[in-house]
Amino acid sequence: MKIENQYYSIVLDDINGSVSSYTDNSAEYAAETKFPLIEISLMDVKGARRRLSSLSAAPCEKVVSESKITLTFRSFCGEDIDISAEISFDDTPFVKWRLNYINRTSFDVEWINFPGLLFSDKMNEKEGYKVFLPIFEGVEISDFALRDKFFPYAETDYPSKGWEGVYPGPVSMQFTAYYNGKNGVYVAAHDKELNTKTVDAHASEEGIIFDTKLFPGSEQKEYRYGFDYVTGMYEGGWYEAAEIYRRFIEDERFIKQPKLYENPKVSKWLMESPLITIYPVRGEKDTGDMSPNEYYPYTNALKYLKTLAENTDSKILAMLCHWEGSAPWCPPYVWPPYGDIENFKLFEQKLHENGMLFGLYCSGIAWTQKSIFTDYNKEKEFKDENLAEAMCLAPDGSLPYCAICNDYIRWGYDMCPGSERTVKLIRAEVSKIVHGTKVDYLQLFDQNLGGNASICYSPSHNHARTPGVRETAAMRRLIKKAQDAADEASENHVMLGCEAAASEGFTDLLLMNDGRNYQGFMIGCPVPAYEFLYHEYVATFMGNQNTTFLYLDAAENRDNIFYRTAKFFAQGELLTVVLKDHGKINWDWGTPWNTVDPDQERYLRFVKKLNNFRKGEFSKFFYCGRLAKPYRVECENYELKLKNGMKNKFPAVITTALEWDNRKIQLLVNPFERELRYVFSTDKKNISFRYICNDIRVDFHSKSLLEGVIPPDDVIILEFLEES
């Protein structure tokens with residue numbers, strides 16, 4: 001069977017429907033090895049699985065028309081389940097894939113992988129292909145060996161592993177792409193229903209596998225996809241793929257909330273570009289000794305925060321870590337605060353009197369049995385109150401320890417938002433935190449990556465026995481209940497947030513979040529795909545930089561803190577600093593305080609300069625502008641040396657483009673203590689722009705090429721006056 005038009009040619013196997021050829025009429029993408037068009041996981045009541053493949057099924061029935069092919073498999077792989085796959089096409093570059101099934105077996109359908117796509121590996125120097133993945137808010141993969149070293153691919157299962165390809169959650173978007181900058185294949189789910197799925201890709205011996213698993217999470221014996229998987233040929237790289245996806249989310253009114261500047265739920269202080277300032281009141285970092293440090297009592301930090309505000313000319317949002325009276329990172333209980341509660345309240349009062357903001361880290365909706373670092377222990381309460389009924393279960397009905405923070409911070413489980421006991425507990429904790437204390441920002445859902453909860457296989461919660469969309473609905477309800485509790489108990493508006501950028505499905509509820517794009521440096525090149533799609537609607541700060549120390553020797557890469565800061569500034573994210581002893585800037589949240597310091601004076605000057613851009617003439621671009629694809633900038637490379645001996649290269653000049661109110665600017669940022677040469681060029685025949693750097697402003701007309709140098713630790717803004 002062959003589908004063909006001016007954009008592509010697809011050949012499906014006549015017997016089993018496998019994609020045996022997928023070309024753009026110049027290059028072949030399909031691998032030589034046969035790959036199943038459909039795989040399905042059936043699960044019995046004891047959690048035992050049967051994995052069925054269309055390669056092992058009886059020959060399919062075929063119905064072919066001018067715009068659709070329907071393939072029906074009766075008694076799929078000998079089981080009493082019928083599956084129909086519909087492939088729709090027209091005179092466009094895109095093909096739409098849907099599936100439905102009738103399940104007469106005693107098994108539940110856990111997941112379906114459709115359409116099965118195995119592409120030949122073109123990620124080599126000659127062909128230069130890359131893969132875009134939507135984890136860490138967007139990463140461009142040039143070599144899967146680097147990804148596999150730090151965050152290897154793993155199939156979705158319970159316990160959830162944290163950073164895996166689960167949507168909505170650690171995966172914030174539903175598209176991937178495979179491209180070389182000239183030609184590419186777009187692979188996406190155009191799904192407004194927020195169905196649970198895996199959105200990922202990984203290398204195998206046979207080629208690159210694109211993971212398109214859907215978790216229907218339904219007891220229905222008859223199930224039909226309510227959305228299309230979409231594949232298509234396009235020209236360009238990740239920006240062009242993101243533009244295809246952006247058209248989907250905008251055309252389908254997928255984004256429900258107003259833009260940031262119009263949203264009444266957004267606190268006004270966000271427009272003031274606060275500098276997020278993260279530090280612990282106990283210990284030095286995530287793990288280790290938890291004795292009180294020099295930032296305790298709480299008011300001890302005021303002198304350092306005032307100095308930081310002066311040195312950076314910034315409003316400070318103090319984000320406390322290890323403040324919980326229970327134990328650091330030991331949810332769900334955090335209140336009362338550690339130690340002197342009156343000093344805690346006095347600290348908040350003095351912060352606000354000095355024009356600063358008050359933020360707190362919490363630890364999401366997990367359950368902690370006991371801490372590894374303190375004597376915190378809830379085993380008796382857990383048993384006496386039968387709290388196991390609120391926890392996520394594995395497929396076999398067992399209650400294993402969770403994976404996130406397990407064995408190095410705490411021992412415990414994942415709470416399921418589908419349990420009313422979870423909702424009640426979280427509401428109570430939020431009420432305690434905000435009552436009588438003016439909290440401005442509460443990162444309640446740290447460790448709930450992207451805002452979602454772990455998948456759950458419990459048959460007794462408010463969702464199906466297998467994972468699916470009802471868990472997302474339950475998490476949305478829990479977030480709303482938490483916000484209601486905050487609104488009822490607090491004297492001021494409290495913005496809630498999560499770890500990582502809020503995934504689709506949660507952007508309207510979690511309007512400011514702790515970005516994790518920096519983790520892309522471990523596995524490839526972080527790219528601003530999330531900001532490209534959602535910068536106008538939800539705020540992201542550049543994150544606590546945790547895990548950086550795992551792959552990066554700070555002393556060997558002293559420029560990296562400048563590079564990271566410049567990159568996330570250029571993407572429009574709120575700037576963030578992490579403090580070590582004596583109010584000094586640390587490399588990241590995880591680096592021990594006895595490590596050599598970053599260049600303090602230089603870094604503070606850099607942050608001051610960047611944040612003044614955010615608050616100055618172009619503030620609206622940074623606050624709520626729309627990212628666009630920048631024009632080409634050629635420059636030298638910056639090489640990052642990883643602890644495992646591998647190296648990663650990035651353009652030394654960081655460039656992005658932002659649009660606001662029919663205006664457009666392009667940023668060129670130099671994060672190094674030396675001049676950087678650049679060549680800016682476009683293919684526009686008629687373009688005029690204003691060059692802005694410090695006190696220099698020059699207008700250029702009908703000039704599509706600009707060469708020059710960027711001063712050390714500086715920014716050039718090109719404001720476009722005319723483009724055609």
# chains A, B, ... in the order shown; residues from 1 in each chain; ligands from 1
call {"tool": "select_by_dssp", "arguments": {"residues": "region 105-275 of chain A", "states": "helix (DSSP H, G or I)", "output": "ChimeraX atom specification"}}
result
/A:144-150,238-251,260-262,268-272
call {"tool": "write_last_selection", "arguments": {"atoms": "C-alpha atoms", "output": "PDB file, in the first residue's frame"}}
result
ATOM      1  CA  PHE A 144      22.139   9.576  21.982  1.00  0.00           C
ATOM      2  CA  ALA A 145      25.267   8.254  23.711  1.00  0.00           C
ATOM      3  CA  LEU A 146      25.363  11.493  25.711  1.00  0.00           C
ATOM      4  CA  ARG A 147      21.671  11.248  26.610  1.00  0.00           C
ATOM      5  CA  ASP A 148      22.038   7.584  27.598  1.00  0.00           C
ATOM      6  CA  LYS A 149      24.896   8.449  29.942  1.00  0.00           C
ATOM      7  CA  PHE A 150      22.858  10.743  32.187  1.00  0.00           C
ATOM      8  CA  TRP A 238      13.387  22.472  15.718  1.00  0.00           C
ATOM      9  CA  TYR A 239      12.043  26.024  15.363  1.00  0.00           C
ATOM     10  CA  GLU A 240      10.023  25.061  12.284  1.00  0.00           C
ATOM     11  CA  ALA A 241       8.706  21.934  14.015  1.00  0.00           C
ATOM     12  CA  ALA A 242       7.697  24.037  17.025  1.00  0.00           C
ATOM     13  CA  GLU A 243       5.930  26.454  14.693  1.00  0.00           C
ATOM     14  CA  ILE A 244       3.816  23.588  13.298  1.00  0.00           C
ATOM     15  CA  TYR A 245       2.884  22.603  16.845  1.00  0.00           C
ATOM     16  CA  ARG A 246       2.201  26.234  17.795  1.00  0.00           C
ATOM     17  CA  ARG A 247      -0.293  26.504  14.957  1.00  0.00           C
ATOM     18  CA  PHE A 248      -2.092  23.489  16.407  1.00  0.00           C
ATOM     19  CA  ILE A 249      -2.310  24.825  19.969  1.00  0.00           C
ATOM     20  CA  GLU A 250      -3.434  28.251  18.762  1.00  0.00           C
ATOM     21  CA  ASP A 251      -5.836  27.157  16.034  1.00  0.00           C
ATOM     22  CA  LEU A 260       0.356  37.137  31.418  1.00  0.00           C
ATOM     23  CA  TYR A 261      -0.205  40.882  31.205  1.00  0.00           C
ATOM     24  CA  GLU A 262      -3.975  40.336  30.982  1.00  0.00           C
ATOM     25  CA  LYS A 268       1.701  42.499  39.815  1.00  0.00           C
ATOM     26  CA  TRP A 269       5.204  42.069  41.205  1.00  0.00           C
ATOM     27  CA  LEU A 270       6.019  39.671  38.389  1.00  0.00           C
ATOM     28  CA  MET A 271       6.286  42.670  36.059  1.00  0.00           C
ATOM     29  CA  GLU A 272       9.066  44.033  38.286  1.00  0.00           C
TER      30      GLU A 272
END
call {"tool": "select_by_dssp", "arguments": {"residues": "region 137-374 of chain A", "states": "strand (DSSP E or B)", "output": "PyMOL selection string"}}
result
chain A and resi 139-141+166-167+171+175-179+183-190+196-198+200-203+208-211+213-215+222-224+228-235+275-280+282+292+316-321+324+337+357-361+366-371
call {"tool": "residues_around", "arguments": {"residues": "region 503-512 of chain A", "least_positions_apart": "5", "cutoff": "8 Å", "atoms": "only C-alpha atoms", "output": "PyMOL selection string"}}
result
chain A and resi 167-173+194+256-257+266+450-452+472+476+479-480+495-498+537-541
call {"tool": "write_last_selection", "arguments": {"atoms": "C-alpha atoms", "output": "compact mmCIF listing (two decimals), in the first residue's frame"}}
result
# COMPACT_ATOMS: atom_id res chain seq x y z
CA TYR A 167 3.12 13.63 29.15
CA PRO A 168 1.68 15.68 30.74
CA GLY A 169 4.41 16.03 33.34
CA PRO A 170 8.18 15.98 32.80
CA VAL A 171 7.33 16.15 29.11
CA SER A 172 5.63 19.50 28.65
CA MET A 173 4.74 19.29 24.95
CA LEU A 194 -4.45 15.78 27.70
CA LYS A 256 -7.26 28.59 27.84
CA GLN A 257 -5.73 31.27 30.07
CA VAL A 266 -0.79 36.93 38.01
CA GLY A 450 5.67 19.76 35.22
CA GLY A 451 2.86 19.76 37.78
CA ASN A 452 1.71 16.19 37.30
CA THR A 472 -4.50 14.50 34.98
CA ARG A 476 -5.93 19.63 38.11
CA ILE A 479 -4.14 22.12 42.33
CA LYS A 480 -7.39 24.10 42.24
CA MET A 495 1.06 32.15 43.27
CA LEU A 496 1.63 28.39 43.18
CA GLY A 497 4.32 26.66 41.14
CA CYS A 498 6.06 23.39 40.39
CA TYR A 537 1.15 32.78 29.07
CA VAL A 538 3.24 31.44 31.95
CA ALA A 539 6.41 32.64 33.70
CA THR A 540 9.48 30.48 34.22
CA PHE A 541 12.53 31.25 36.31
call {"tool": "closest_residue", "arguments": {"among": "A:Glu324, A:Asp286, A:Glu125, A:Glu675", "to": "Tyr338 (chain A)", "atoms": "only C-alpha atoms"}}
result
A:Glu324
call {"tool": "closest_residue", "arguments": {"among": "A:Leu99, A:Cys456, A:Val11, A:Ala555", "to": "Ile40 (chain A)", "atoms": "only C-alpha atoms"}}
result
A:Leu99
call {"tool": "residues_around", "arguments": {"residues": "region 12-22 of chain A", "least_positions_apart": "3", "cutoff": "12 Å", "atoms": "only C-alpha atoms", "output": "number ranges by chain"}}
result
A: 1-5, 7-9, 25-39, 53-64, 69-74, 76-77, 84-87, 95, 114-120, 184-185, 231-233
call {"tool": "residues_around", "arguments": {"residues": "Phe358 (chain A)", "least_positions_apart": "3", "cutoff": "6 Å", "atoms": "only C-alpha atoms", "output": "MDAnalysis selection string"}}
result
chainID A and resid 317:318 439:440
call {"tool": "write_last_selection", "arguments": {"atoms": "N, CA and C atoms", "output": "tab-separated table (two decimals), in the first residue's frame"}}
result
chain	number	residue	atom	x	y	z
A	317	LEU	N	13.24	38.09	45.40
A	317	LEU	CA	12.27	37.11	45.88
A	317	LEU	C	13.09	36.03	46.58
A	318	ALA	N	13.09	36.07	47.91
A	318	ALA	CA	13.85	35.10	48.70
A	318	ALA	C	13.12	33.77	48.72
A	439	VAL	N	2.92	34.89	52.19
A	439	VAL	CA	3.73	34.18	51.20
A	439	VAL	C	3.35	34.70	49.82
A	440	ASP	N	4.35	35.10	49.04
A	440	ASP	CA	4.08	35.60	47.68
A	440	ASP	C	4.10	34.47	46.66
call {"tool": "closest_residue", "arguments": {"among": "A:Glu471, A:Lys370, A:Leu387, A:Leu42", "to": "Asn195 (chain A)", "atoms": "only C-alpha atoms"}}
result
A:Glu471
call {"tool": "closest_residue", "arguments": {"among": "A:Leu575, A:Val633, A:Tyr304, A:Thr368", "to": "Lys380 (chain A)", "atoms": "only C-alpha atoms"}}
result
A:Thr368
